[in-house]
file run_31.cif (mmCIF, C-alpha atoms and all ligand atoms)
data_query
#
loop_
_atom_site.label_atom_id
_atom_site.label_comp_id
_atom_site.auth_asym_id
_atom_site.auth_seq_id
_atom_site.Cartn_x
_atom_site.Cartn_y
_atom_site.Cartn_z
CA MET A 1 12.46 -23.09 -5.46
CA SER A 2 15.08 -20.85 -7.01
CA GLY A 3 17.83 -21.60 -4.46
CA LYS A 4 18.60 -17.90 -4.26
CA SER A 5 19.26 -16.14 -0.99
CA TYR A 6 17.55 -12.86 -0.09
CA THR A 7 18.28 -10.26 2.57
CA ILE A 8 15.23 -8.17 3.39
CA THR A 9 15.11 -5.09 5.58
CA LEU A 10 12.45 -5.61 8.26
CA ILE A 11 10.90 -2.54 9.88
CA PRO A 12 8.57 -3.80 12.63
CA GLY A 13 7.18 -0.29 13.31
CA ASP A 14 4.84 0.82 16.09
CA GLY A 15 1.68 -0.42 17.79
CA ILE A 16 0.56 -3.70 16.21
CA GLY A 17 3.55 -3.47 13.82
CA PRO A 18 5.87 -5.87 15.67
CA GLU A 19 3.02 -8.40 16.08
CA VAL A 20 2.00 -8.45 12.42
CA ALA A 21 5.63 -8.26 11.28
CA SER A 22 6.62 -11.36 13.21
CA ALA A 23 3.49 -13.13 11.93
CA ALA A 24 4.48 -12.26 8.35
CA VAL A 25 8.08 -13.39 8.91
CA ARG A 26 6.78 -16.69 10.34
CA VAL A 27 4.68 -17.33 7.22
CA LEU A 28 7.29 -16.18 4.69
CA THR A 29 9.97 -18.31 6.34
CA ALA A 30 7.65 -21.34 6.06
CA THR A 31 8.00 -21.13 2.25
CA GLY A 32 11.47 -22.67 2.66
CA LEU A 33 13.08 -19.82 0.74
CA ASP A 34 16.46 -18.64 1.97
CA LEU A 35 15.24 -15.37 3.50
CA HIS A 36 17.32 -13.27 5.90
CA PHE A 37 15.58 -10.44 7.69
CA GLU A 38 17.73 -7.47 8.71
CA THR A 39 15.75 -5.67 11.42
CA GLU A 40 16.11 -1.87 11.38
CA ASN A 41 13.33 -0.10 13.21
CA ALA A 42 11.72 3.27 12.53
CA GLY A 43 8.68 5.17 13.79
CA ALA A 44 7.47 6.86 16.95
CA GLY A 45 9.19 4.31 19.22
CA THR A 46 12.51 4.88 17.47
CA MET A 47 11.97 8.64 17.74
CA GLY A 48 11.55 8.22 21.52
CA LYS A 49 14.73 6.12 21.81
CA GLU A 50 17.04 7.76 19.28
CA GLY A 51 15.59 11.20 18.62
CA LYS A 52 15.04 10.27 14.96
CA ALA A 53 11.94 8.56 13.55
CA LEU A 54 13.76 7.40 10.42
CA PRO A 55 17.46 6.88 11.19
CA LEU A 56 19.87 6.90 8.25
CA ARG A 57 20.79 3.24 8.84
CA VAL A 58 17.21 2.22 7.90
CA LEU A 59 17.51 3.98 4.55
CA GLU A 60 20.99 2.55 4.02
CA SER A 61 19.74 -0.96 4.75
CA ILE A 62 16.90 -0.62 2.21
CA ARG A 63 19.25 0.90 -0.38
CA LYS A 64 21.56 -2.07 0.07
CA ASN A 65 18.91 -4.82 0.15
CA LYS A 66 16.52 -3.16 -2.37
CA VAL A 67 13.56 -4.77 -0.61
CA ALA A 68 11.87 -4.10 2.74
CA LEU A 69 8.91 -5.43 4.66
CA LYS A 70 7.44 -2.75 6.88
CA GLY A 71 4.96 -2.69 9.75
CA PRO A 72 2.96 0.50 10.33
CA THR A 73 4.63 3.48 11.95
CA ALA A 74 2.74 6.03 14.07
CA THR A 75 2.77 9.75 13.26
CA PRO A 76 1.70 12.39 15.79
CA ILE A 77 -1.32 14.41 14.64
CA GLY A 78 -0.92 18.13 14.00
CA THR A 79 2.53 18.33 15.59
CA GLY A 80 5.77 16.36 16.09
CA HIS A 81 7.94 14.47 13.61
CA ARG A 82 7.15 14.07 9.92
CA SER A 83 5.59 10.83 8.79
CA VAL A 84 8.17 8.06 8.35
CA ASN A 85 6.11 6.83 5.41
CA VAL A 86 6.19 10.13 3.54
CA GLU A 87 9.91 10.49 4.32
CA LEU A 88 10.70 6.95 3.21
CA ARG A 89 8.67 7.17 0.01
CA LYS A 90 10.15 10.54 -0.94
CA THR A 91 13.76 9.79 0.00
CA LEU A 92 13.84 6.44 -1.80
CA ASP A 93 11.59 7.75 -4.59
CA LEU A 94 9.09 4.92 -4.10
CA TYR A 95 6.74 6.62 -6.50
CA ALA A 96 4.10 3.95 -7.02
CA ASN A 97 1.82 2.77 -4.26
CA LEU A 98 0.11 -0.40 -5.43
CA ARG A 99 -2.86 -1.66 -3.44
CA PRO A 100 -4.85 -4.62 -4.73
CA VAL A 101 -8.36 -4.87 -3.27
CA ARG A 102 -9.86 -8.35 -3.63
CA THR A 103 -12.74 -10.16 -1.95
CA LEU A 104 -11.44 -13.28 -0.24
CA PRO A 105 -13.54 -16.36 0.56
CA GLY A 106 -15.08 -16.67 4.02
CA VAL A 107 -14.74 -12.95 4.77
CA LYS A 108 -18.08 -11.29 5.55
CA SER A 109 -18.66 -8.12 3.56
CA ARG A 110 -21.59 -6.29 2.01
CA TYR A 111 -19.89 -6.71 -1.36
CA ASP A 112 -19.02 -9.78 -3.42
CA GLY A 113 -16.52 -10.15 -6.22
CA VAL A 114 -14.54 -6.98 -5.61
CA ASP A 115 -11.32 -7.03 -7.63
CA LEU A 116 -9.78 -3.64 -8.13
CA ILE A 117 -6.33 -2.13 -8.06
CA VAL A 118 -5.51 1.20 -6.47
CA VAL A 119 -2.44 2.89 -8.01
CA ARG A 120 -1.54 5.93 -5.94
CA GLU A 121 1.15 8.49 -6.75
CA ASN A 122 3.37 8.42 -3.69
CA THR A 123 5.73 11.40 -3.76
CA GLU A 124 3.91 14.69 -4.29
CA SER A 125 0.48 16.42 -4.34
CA LEU A 126 -0.56 17.63 -0.88
CA TYR A 127 2.05 15.35 0.75
CA SER A 128 4.86 17.65 -0.38
CA GLY A 129 5.22 18.68 3.28
CA LEU A 130 5.36 22.34 2.21
CA GLU A 131 3.23 24.20 4.73
CA HIS A 132 3.70 27.56 6.35
CA VAL A 133 1.91 30.21 8.32
CA VAL A 134 1.33 33.19 6.03
CA VAL A 135 0.14 35.43 8.88
CA PRO A 136 -1.31 34.24 12.21
CA GLY A 137 -4.63 32.57 11.44
CA VAL A 138 -3.74 31.82 7.80
CA VAL A 139 -1.87 28.70 6.72
CA GLU A 140 -0.79 27.74 3.23
CA SER A 141 -0.28 24.09 2.26
CA LEU A 142 1.23 23.55 -1.17
CA LYS A 143 -0.08 20.94 -3.57
CA ILE A 144 2.70 20.08 -6.01
CA ILE A 145 1.82 18.29 -9.24
CA THR A 146 4.51 17.74 -11.85
CA GLU A 147 4.37 16.42 -15.38
CA LYS A 148 7.23 14.05 -14.57
CA ALA A 149 5.61 12.36 -11.55
CA SER A 150 2.14 12.27 -13.12
CA THR A 151 3.43 10.71 -16.34
CA ARG A 152 5.51 8.21 -14.41
CA ILE A 153 2.59 7.00 -12.26
CA ALA A 154 0.26 6.87 -15.26
CA ARG A 155 2.81 4.72 -17.12
CA PHE A 156 3.06 2.46 -14.08
CA ALA A 157 -0.76 2.03 -13.99
CA PHE A 158 -1.06 1.25 -17.71
CA GLU A 159 1.92 -1.09 -17.74
CA TYR A 160 0.55 -2.85 -14.66
CA ALA A 161 -2.84 -3.15 -16.40
CA GLU A 162 -1.24 -4.64 -19.52
CA THR A 163 0.95 -7.16 -17.74
CA ASN A 164 -1.78 -8.23 -15.32
CA GLY A 165 -4.66 -8.71 -17.73
CA ARG A 166 -6.67 -5.70 -16.55
CA LYS A 167 -9.05 -3.96 -18.95
CA ARG A 168 -9.53 -0.38 -17.82
CA VAL A 169 -7.70 2.46 -16.06
CA SER A 170 -9.79 5.22 -14.46
CA ALA A 171 -7.96 8.48 -13.69
CA ILE A 172 -9.43 10.10 -10.57
CA HIS A 173 -9.36 13.87 -10.20
CA LYS A 174 -10.96 17.10 -9.09
CA ALA A 175 -9.96 19.10 -12.16
CA ASN A 176 -13.29 20.90 -12.18
CA ILE A 177 -12.00 22.82 -9.13
CA MET A 178 -8.19 22.41 -9.27
CA LYS A 179 -8.02 23.15 -12.96
CA LEU A 180 -4.26 23.63 -13.17
CA SER A 181 -2.91 20.95 -10.84
CA ASP A 182 -5.43 18.17 -11.45
CA GLY A 183 -5.70 19.42 -15.02
CA LEU A 184 -1.99 18.69 -15.53
CA PHE A 185 -2.40 15.27 -13.89
CA LEU A 186 -5.21 14.45 -16.34
CA ASP A 187 -3.26 15.72 -19.36
CA CYS A 188 -0.43 13.36 -18.44
CA CYS A 189 -2.84 10.42 -17.95
CA ARG A 190 -4.46 11.11 -21.35
CA ASN A 191 -1.09 11.24 -23.09
CA VAL A 192 0.01 7.95 -21.56
CA ALA A 193 -3.39 6.37 -22.34
CA LYS A 194 -2.87 7.10 -26.06
CA GLY A 195 0.15 4.80 -26.03
CA HIS A 196 -1.87 1.91 -24.58
CA PRO A 197 -4.83 1.44 -26.93
CA THR A 198 -5.71 -2.03 -25.62
CA ILE A 199 -6.56 -0.62 -22.18
CA ALA A 200 -9.78 1.40 -21.88
CA TYR A 201 -9.39 4.79 -20.24
CA ASP A 202 -11.86 7.03 -18.46
CA GLU A 203 -11.90 9.86 -15.92
CA VAL A 204 -14.01 10.15 -12.77
CA ILE A 205 -14.28 13.06 -10.32
CA VAL A 206 -13.12 11.85 -6.91
CA ASP A 207 -16.33 12.59 -4.97
CA ALA A 208 -18.46 10.89 -7.63
CA LEU A 209 -16.04 7.96 -7.54
CA CYS A 210 -16.63 7.50 -3.79
CA MET A 211 -20.39 7.36 -4.31
CA GLN A 212 -20.08 4.97 -7.26
CA LEU A 213 -17.67 2.74 -5.36
CA VAL A 214 -20.00 2.44 -2.39
CA LEU A 215 -22.91 1.57 -4.71
CA ASP A 216 -20.94 -1.04 -6.66
CA PRO A 217 -17.16 -1.45 -6.34
CA THR A 218 -17.15 -4.29 -8.89
CA LYS A 219 -17.65 -1.73 -11.68
CA PHE A 220 -14.06 -0.53 -11.38
CA ASP A 221 -10.79 -2.06 -12.48
CA VAL A 222 -7.57 0.00 -12.04
CA LEU A 223 -7.90 3.34 -10.21
CA LEU A 224 -5.12 5.86 -10.89
CA LEU A 225 -4.94 8.58 -8.25
CA GLU A 226 -2.85 11.40 -6.88
CA ASN A 227 -1.42 10.98 -3.40
CA LEU A 228 -4.20 12.29 -1.12
CA TYR A 229 -7.11 10.87 -3.15
CA GLY A 230 -5.27 7.55 -3.27
CA ASP A 231 -4.77 7.53 0.49
CA ILE A 232 -8.44 8.14 1.22
CA VAL A 233 -9.83 5.86 -1.48
CA SER A 234 -7.50 3.01 -0.34
CA ASP A 235 -9.09 2.95 3.11
CA LEU A 236 -12.56 3.16 1.57
CA CYS A 237 -11.71 0.19 -0.65
CA ALA A 238 -10.35 -1.80 2.33
CA GLY A 239 -13.88 -1.57 3.74
CA PHE A 240 -15.20 -3.56 0.74
CA ILE A 241 -13.12 -6.63 1.55
CA GLY A 242 -13.46 -6.97 5.31
CA GLY A 243 -11.51 -3.95 6.57
CA LEU A 244 -7.98 -2.74 7.01
CA GLY A 245 -6.75 -6.11 8.30
CA MET A 246 -7.20 -7.50 4.78
CA ALA A 247 -5.63 -4.83 2.56
CA PRO A 248 -2.01 -5.34 1.41
CA GLY A 249 0.23 -2.88 -0.41
CA ALA A 250 3.57 -2.08 -1.97
CA ASN A 251 5.61 1.09 -2.46
CA ILE A 252 7.66 0.63 -5.61
CA GLY A 253 10.52 2.70 -7.01
CA GLU A 254 13.15 2.25 -9.71
CA ASP A 255 15.77 1.00 -7.24
CA SER A 256 13.92 -0.40 -4.25
CA ALA A 257 10.51 -1.45 -2.95
CA VAL A 258 8.88 -1.40 0.48
CA PHE A 259 5.99 -3.75 1.16
CA GLU A 260 3.47 -2.75 3.81
CA ALA A 261 -0.22 -3.09 4.62
CA VAL A 262 -2.64 -0.20 4.12
CA HIS A 263 -3.48 -0.10 7.83
CA GLY A 264 -1.83 1.96 10.55
CA SER A 265 -0.42 1.07 13.96
CA ALA A 266 -3.89 0.45 15.50
CA PRO A 267 -2.98 1.66 19.01
CA ASP A 268 -6.42 0.55 20.28
CA ILE A 269 -5.51 -3.13 19.89
CA ALA A 270 -1.70 -3.02 20.12
CA GLY A 271 0.06 -5.59 22.29
CA LYS A 272 -3.10 -7.70 22.72
CA ASN A 273 -2.51 -10.37 20.05
CA LEU A 274 -5.73 -9.15 18.38
CA ALA A 275 -4.34 -7.73 15.13
CA ASN A 276 -5.21 -9.41 11.87
CA PRO A 277 -1.85 -10.25 10.25
CA ILE A 278 -3.30 -11.11 6.83
CA ALA A 279 -2.79 -7.65 5.29
CA LEU A 280 0.95 -7.79 6.00
CA ILE A 281 1.19 -11.48 5.08
CA LEU A 282 -0.38 -10.68 1.70
CA SER A 283 2.01 -7.73 1.36
CA GLY A 284 4.74 -10.33 1.92
CA ALA A 285 3.28 -12.41 -0.92
CA MET A 286 3.50 -9.31 -3.14
CA MET A 287 7.14 -9.01 -2.08
CA LEU A 288 7.84 -12.62 -3.11
CA GLU A 289 6.28 -11.87 -6.51
CA HIS A 290 8.51 -8.82 -6.82
CA LEU A 291 11.47 -11.15 -6.14
CA HIS A 292 10.13 -13.45 -8.90
CA GLU A 293 9.45 -16.21 -6.36
CA LEU A 294 6.05 -16.86 -7.90
CA ASP A 295 5.55 -20.38 -6.59
CA ALA A 296 6.24 -19.32 -2.99
CA ALA A 297 3.94 -16.28 -3.39
CA THR A 298 1.15 -18.54 -4.65
CA ARG A 299 1.62 -20.93 -1.73
CA VAL A 300 1.34 -18.06 0.77
CA ARG A 301 -1.83 -16.77 -0.91
CA LYS A 302 -3.41 -20.20 -1.10
CA ALA A 303 -2.63 -20.81 2.57
CA VAL A 304 -4.32 -17.52 3.50
CA LEU A 305 -7.37 -18.45 1.40
CA ALA A 306 -7.54 -21.92 2.96
CA VAL A 307 -7.43 -20.58 6.52
CA LEU A 308 -10.07 -17.96 5.74
CA ALA A 309 -12.31 -20.47 3.95
CA GLU A 310 -12.07 -22.88 6.90
CA GLY A 311 -13.13 -20.01 9.16
CA LYS A 312 -11.68 -21.39 12.42
CA LYS A 313 -8.56 -19.26 12.83
CA VAL A 314 -10.01 -15.86 12.14
CA SER A 315 -9.29 -12.60 13.97
CA ARG A 316 -11.76 -10.44 15.86
CA ASP A 317 -12.13 -7.83 13.09
CA LEU A 318 -13.51 -10.62 10.87
CA GLY A 319 -15.87 -11.91 13.57
CA GLY A 320 -13.56 -14.62 14.95
CA THR A 321 -11.63 -15.12 18.17
CA ALA A 322 -8.19 -16.29 17.01
CA GLY A 323 -5.09 -14.34 18.00
CA THR A 324 -2.42 -12.95 15.67
CA THR A 325 0.06 -15.71 16.52
CA GLU A 326 -2.51 -18.53 16.07
CA ILE A 327 -3.49 -17.21 12.64
CA ALA A 328 0.15 -16.98 11.62
CA GLU A 329 0.75 -20.58 12.73
CA ALA A 330 -2.35 -21.81 10.88
CA ILE A 331 -1.24 -20.09 7.66
CA ALA A 332 2.42 -21.10 8.05
CA SER A 333 1.50 -24.77 8.55
CA ARG A 334 -0.39 -24.74 5.23
CA VAL A 335 2.39 -22.99 3.34
P1 LIG A 401 -5.32 2.42 11.85
O1 LIG A 401 -5.27 1.77 10.50
O2 LIG A 401 -4.16 2.20 12.73
O3 LIG A 401 -6.63 1.92 12.63
C1 LIG A 401 -7.96 2.16 12.18
C2 LIG A 401 -8.88 1.07 12.76
O4 LIG A 401 -8.63 -0.16 12.08
C3 LIG A 401 -8.65 0.80 14.24
O5 LIG A 401 -9.88 0.51 14.85
C4 LIG A 401 -7.77 -0.43 14.25
O6 LIG A 401 -7.91 -1.24 15.40
C5 LIG A 401 -8.25 -1.17 13.01
N1 LIG A 401 -7.17 -1.97 12.40
C6 LIG A 401 -6.13 -1.49 11.68
N2 LIG A 401 -5.32 -2.49 11.31
C7 LIG A 401 -5.86 -3.62 11.81
C8 LIG A 401 -5.47 -5.00 11.77
N3 LIG A 401 -4.37 -5.41 11.14
N4 LIG A 401 -6.25 -5.91 12.41
C9 LIG A 401 -7.37 -5.52 13.04
N5 LIG A 401 -7.80 -4.23 13.11
C10 LIG A 401 -7.04 -3.29 12.50
O7 LIG A 401 -5.55 3.96 11.60
P2 LIG A 401 -5.45 5.20 12.60
O8 LIG A 401 -6.01 4.82 13.93
O9 LIG A 401 -6.02 6.32 11.85
O10 LIG A 401 -3.89 5.47 12.74
C11 LIG A 401 -3.09 5.03 13.84
C12 LIG A 401 -1.65 5.42 13.58
O11 LIG A 401 -1.15 4.72 12.43
C13 LIG A 401 -1.43 6.91 13.30
O12 LIG A 401 -0.29 7.33 14.00
C14 LIG A 401 -1.18 6.97 11.78
O13 LIG A 401 -0.35 8.04 11.44
C15 LIG A 401 -0.51 5.64 11.56
N6 LIG A 401 -0.64 5.12 10.18
C16 LIG A 401 0.46 4.53 9.66
C17 LIG A 401 0.38 3.95 8.40
C18 LIG A 401 1.62 3.30 7.86
O14 LIG A 401 2.61 3.19 8.56
N7 LIG A 401 1.62 2.85 6.62
C19 LIG A 401 -0.81 3.97 7.69
C20 LIG A 401 -1.92 4.56 8.26
C21 LIG A 401 -1.83 5.13 9.53
#
call {"tool": "encode", "arguments": {"input": "run_31.cif", "output": "structure tokens", "more": "lines below"}}
Ligand code: NAD
result
Amino acid sequence: MSGKSYTITLIPGDGIGPEVASAAVRVLTATGLDLHFETENAGAGTMGKEGKALPLRVLESIRKNKVALKGPTATPIGTGHRSVNVELRKTLDLYANLRPVRTLPGVKSRYDGVDLIVVRENTESLYSGLEHVVVPGVVESLKIITEKASTRIARFAFEYAETNGRKRVSAIHKANIMKLSDGLFLDCCRNVAKGHPTIAYDEVIVDALCMQLVLDPTKFDVLLLENLYGDIVSDLCAGFIGGLGMAPGANIGEDSAVFEAVHGSAPDIAGKNLANPIALILSGAMMLEHLHELDAATRVRKAVLAVLAEGKKVSRDLGGTAGTTEIAEAIASRV
């Protein structure tokens, strides 16, 4: 162990958020690292209490600590406050959304041996939040693509591929229809690819990608996508490895990083001790790696694998009957 001390902003979030967040804290604390969690909540619950879904103190806490662990936050559909996630990612410029998708032992799935990485641009495209009514009955929603953000995310994907022993980056697009916006994205990807000759590069149209993924997800390596495509494809990919309860993620910027699962607040199972905490626990392992605590990260991962392989403490989404807290205890005791 490094002997260092870390203060981490903890955002429990909404729905199952507090349950999976406390499960993750339980497991991360079991590593023996000197971790201090500074709880600063955000989301629909905070909106109800404080009139703000993302209070300034949450942003200040993350800016100070540089690292956050976040549970899912709920966003009203079609109306109400802006998504805390979009706000957080844009305000802190967490431009890279990194989502590893790996088959884990003991988890039933139609697919074996899936090992792919989703790299999603996190700050622009159709998530610019620029929408307006042109005239009643006509709405315009602006898709913003810039050379700067596209080049930056492409660099992130290629550098990730190089440092993590990956072989190929596939840029995903719809430039046959959105010739200018997705065309610019592709130009940037091609330019960055030229500087990384050891990594193979190809381009796949997003609809064709979905079909090819469903036929055989093991054919892909690193997927490089704009914001909306990345959002949709991430959930599709979670389905290859046992569902949303298994898919971890990270939002990474130059100054700070927020670690959170792919899944949302799952209101259908909230407060029932039914949520699978593994996605957030694995996000926590990614956080430890980010902090260069590699041994602790490996111990967390191995503990998750051991509990899954044993198959006794498994949540309902994976066909088991164990509760969130029991799973957390089982993993923590192996850490
Ligand atoms: P969801 O991911 O919350 O749920 C989809 C399905 O997956 C549900 O059946 C749910 O029970 C199940 N599920 C999700 N996580 C699970 C887990 N850990 N264990 C077991 N089952 C799990 O998606 P949704 O229903 O579309 O969205 C609900 C809310 O979450 C919305 O308000 C949405 O805006 C928000 N959301 C937040 C984030 C985030 O904060 N990063 C991401 C996605 C959605």
call {"tool": "residues_near_ligand", "arguments": {"input": "run_31.cif", "ligand": "ligand LIG 401 (chain A)", "cutoff": "9 Å", "atoms": "all atoms listed in the file", "output": "ChimeraX atom specification"}}
result
/A:13-17,20,43-44,70-77,83-85,231,235,243-247,260-270,274-280,315-318,324
call {"tool": "atom_distance", "arguments": {"input": "run_31.cif", "atom1": "CA of Ala42 (chain A)", "atom2": "CA of Ile11 (chain A)"}}
result
6.4 Å
call {"tool": "closest_residue", "arguments": {"input": "run_31.cif", "among": "A:Val204, A:Val86, A:Ile177, A:Leu223", "to": "Leu126 (chain A)", "atoms": "only C-alpha atoms"}}
result
A:Val86
call {"tool": "atom_distance", "arguments": {"input": "run_31.cif", "atom1": "CA of Val233 (chain A)", "atom2": "CA of Val307 (chain A)"}}
result
27.7 Å
call {"tool": "atom_distance", "arguments": {"input": "run_31.cif", "atom1": "CA of Phe259 (chain A)", "atom2": "CA of Tyr201 (chain A)"}}
result
27.7 Å
call {"tool": "axis_aligned_box", "arguments": {"input": "run_31.cif", "around": "region 48-58 of chain A", "padding_each_side": "6 Å", "output": "AutoDock Vina command-line options"}}
result
--center_x 16.2 --center_y 6.7 --center_z 14.9 --size_x 21.2 --size_y 21.0 --size_z 25.9
call {"tool": "closest_residue", "arguments": {"input": "run_31.cif", "among": "A:Thr79, A:Thr123, A:Ser181, A:Asn191", "to": "Asn97 (chain A)", "atoms": "all atoms listed in the file"}}
result
A:Thr123
call {"tool": "residues_around", "arguments": {"input": "run_31.cif", "residues": "Lys143 (chain A)", "least_positions_apart": "6", "cutoff": "10 Å", "atoms": "all atoms listed in the file", "output": "list in words"}}
result
Glu124, Ser125, Leu126, Tyr127, Ser128, Gly129, Leu130, Glu131, Ser181, Asp182 and Leu228 of chain A
call {"tool": "residues_around", "arguments": {"input": "run_31.cif", "residues": "Asp34 (chain A)", "least_positions_apart": "6", "cutoff": "8 Å", "atoms": "all atoms listed in the file", "output": "compact mmCIF listing (two decimals) with C-alpha atoms, keeping the file's coordinate frame"}}
result
# COMPACT_ATOMS: atom_id res chain seq x y z
CA GLY A 3 17.83 -21.60 -4.46
CA LYS A 4 18.60 -17.90 -4.26
CA SER A 5 19.26 -16.14 -0.99
CA TYR A 6 17.55 -12.86 -0.09
call {"tool": "residues_around", "arguments": {"input": "run_31.cif", "residues": "Glu226 (chain A)", "least_positions_apart": "3", "cutoff": "7 Å", "atoms": "only C-alpha atoms", "output": "tab-separated table (two decimals) with C-alpha atoms, keeping the file's coordinate frame"}}
result
chain	number	residue	atom	x	y	z
A	120	ARG	CA	-1.54	5.93	-5.94
A	121	GLU	CA	1.15	8.49	-6.75
A	125	SER	CA	0.48	16.42	-4.34
A	229	TYR	CA	-7.11	10.87	-3.15
A	230	GLY	CA	-5.27	7.55	-3.27
call {"tool": "residues_around", "arguments": {"input": "run_31.cif", "residues": "Ala171 (chain A)", "least_positions_apart": "6", "cutoff": "7 Å", "atoms": "only C-alpha atoms", "output": "PyMOL selection string"}}
result
chain A and resi 189+202-204+223-225
call {"tool": "residues_near_point", "arguments": {"input": "run_31.cif", "point": "(5.4, -17.6, -5.4)", "cutoff": "12 Å", "atoms": "all atoms listed in the file", "output": "MDAnalysis selection string"}}
result
chainID A and resid 1:2 28 31:33 282 284:303 335
call {"tool": "residues_around", "arguments": {"input": "run_31.cif", "residues": "Cys237 (chain A)", "least_positions_apart": "2", "cutoff": "10 Å", "atoms": "all atoms listed in the file", "output": "ChimeraX atom specification"}}
result
/A:99-102,114,116-118,210,213-214,217,232-235,239-244,247
call {"tool": "closest_residue", "arguments": {"input": "run_31.cif", "among": "A:Ala309, A:Val192, A:Val169, A:Val206", "to": "Lys219 (chain A)", "atoms": "all atoms listed in the file"}}
result
A:Val169
call {"tool": "closest_residue", "arguments": {"input": "run_31.cif", "among": "A:Arg168, A:Arg89, A:His173, A:Lys148", "to": "Cys188 (chain A)", "atoms": "all atoms listed in the file"}}
result
A:Lys148
